[in-house]
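Here's the structure we're looking at; comments come further down.
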Amino acid sequence: MNLKRPERERASPSDSGSRAAERMSLTEKDKAAVKALWAKISKSADAIGADALSRMLLVYPQTKTYFSHWPDMKAGSEPVKKHGKKIMGGVGLAVSKIDDLTAGLLELSELHAFQLRVDPANFKLLAHCLQVVIANMFPKDFTPEAHVACDKFLANVALSLSEKYR
Amino acid sequence: MVEWTDFERATIQDIFSRIDKDVVGPAALSRCLIVYPWTQRYFGSFGNLYNAAAITSNPKVAAHGKVVLSGLELAVKNMDDIKQTYADLSVLHSEKLHVDPDNFKLLADCLTIVVAAQMGPGFTCDVQAAFQKFLAVVVSSLRRQYH
């Protein structure tokens, strides 16, 4: 049995005291990795958002239920492109507020809690699709180290977005 | 029984003929051990899993990654009865290896990401959907004998 403790640093002091069941807090190394990855991909943010959203709607058809008001949900359609851009705006905001996601995403959290009421399980689905797109478009940059930091980051964003749900 | 469209069948065969199996299996397994470190619990005898570099260069991880991919190829060859094909593997994972079946999804997600990285523009939305449907059937078949 491997009893040697793996190389992992302490998490940074947690943000605004929010404790959720699964929060695996971001270390300074994670934050640096996320910012470095964002610097490389942010110019393609709109394309990433549109592609990720298209994939989510196709691969996880239950997510279409949130967009029944759209005339067109096909990949590359106007509503999908526009909404993908909006989502990436939120991701960019989260990157800039990475030291305190819960405070930084407060308005978005209230939006998702009281108006959109997206079941939080869906955040994981979008996070997966975002990472598939990033891996697909930036295979050399989306190393395993970048992947784990990004996965943790998106999980933390999801937790902060569902902060106000109940 | 799972219904596969012609597109889905062709896509799965195509993916597995395109990917470098000696690369994808090891890459997916090592990514899983790095991104979801609690999965390392099943690999206590594999030696140094201390950090990402150690995991990526660990020969036992690489060897096992290839074993996992051969298992998937079995499913590709028996797409119309993955459930039955995997019955023994399911019992193995449950009764002998004692793997929490939630982990299967984690490895499946890492496989999707590794294949997406390898295939570039060919990994369209429709191809991803077909691949994830295939992996979902594989995962479901592996879970089936748990009790």
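Here, A, B, ... name the chains of the structure tokens in the order displayed, residue numbers run from 1 inside each chain, and ligands are numbered from 1 in the same displayed order.
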Report task. Could you list, as number ranges by chain, the residues of chain A having an atom within 12 Å of chain B when counting only C-alpha atoms? Result -> A: 1-9, 24, 30, 50-61, 74-76, 124-125, 127-153
Query - All residues 9 Å or closer to Asp81 of chain B, only C-alpha atoms, same chain fewer than 6 positions away omitted, as an MDAnalysis selection string - result: chainID B and resid 1:2 75
Please write the residues from the selection above to a file, keeping N, CA, C and O atoms, as an mmCIF file, in the first residue's frame.
```
data_model
loop_
_atom_site.group_PDB
_atom_site.id
_atom_site.type_symbol
_atom_site.label_atom_id
_atom_site.label_comp_id
_atom_site.auth_asym_id
_atom_site.auth_seq_id
_atom_site.Cartn_x
_atom_site.Cartn_y
_atom_site.Cartn_z
ATOM 1 N N MET B 1 -32.384 -3.486 -25.502
ATOM 2 C CA MET B 1 -31.133 -3.487 -26.282
ATOM 3 C C MET B 1 -30.838 -2.091 -26.797
ATOM 4 O O MET B 1 -31.763 -1.346 -27.113
ATOM 5 N N VAL B 2 -29.569 -1.748 -26.873
ATOM 6 C CA VAL B 2 -29.194 -0.416 -27.341
ATOM 7 C C VAL B 2 -29.377 -0.324 -28.855
ATOM 8 O O VAL B 2 -28.976 -1.216 -29.587
ATOM 9 N N ALA B 75 -15.618 -4.033 -26.532
ATOM 10 C CA ALA B 75 -16.965 -3.467 -26.660
ATOM 11 C C ALA B 75 -17.209 -2.992 -28.084
ATOM 12 O O ALA B 75 -18.296 -3.162 -28.629
#
```
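Computed from the coordinates, the atom CA of His147 of chain B to atom CA of Leu29 of chain B distance equals 25.7 Å.
If you look at atom CA of Leu111 of chain A and atom CA of Leu161 of chain A, they are 8.7 Å away from each other.
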Query raised in the report: Which parts of segment 4-162 of chain A does DSSP call alpha helix (DSSP H) when run on the backbone here, written out as a PyMOL selection string?
Result: chain A and resi 28-41+45-59+78-96+101-104+106-110+121-137+144-161
Report task. Would you mind listing what lies within 12 Å of Phe114 of chain A as a list in words, with only C-alpha atoms counted and same-chain residues fewer than 5 positions away left out? Result -> Glu107, Leu108, Ser109, Asp119, Leu161, Ser162, Glu163, Lys164, Tyr165 and Arg166 of chain A
Query raised in the report: What is the distance, in Å and to one decimal place, between atom CA of Val118 of chain A and atom CA of Gly104 of chain A?
Result: 19.3 Å
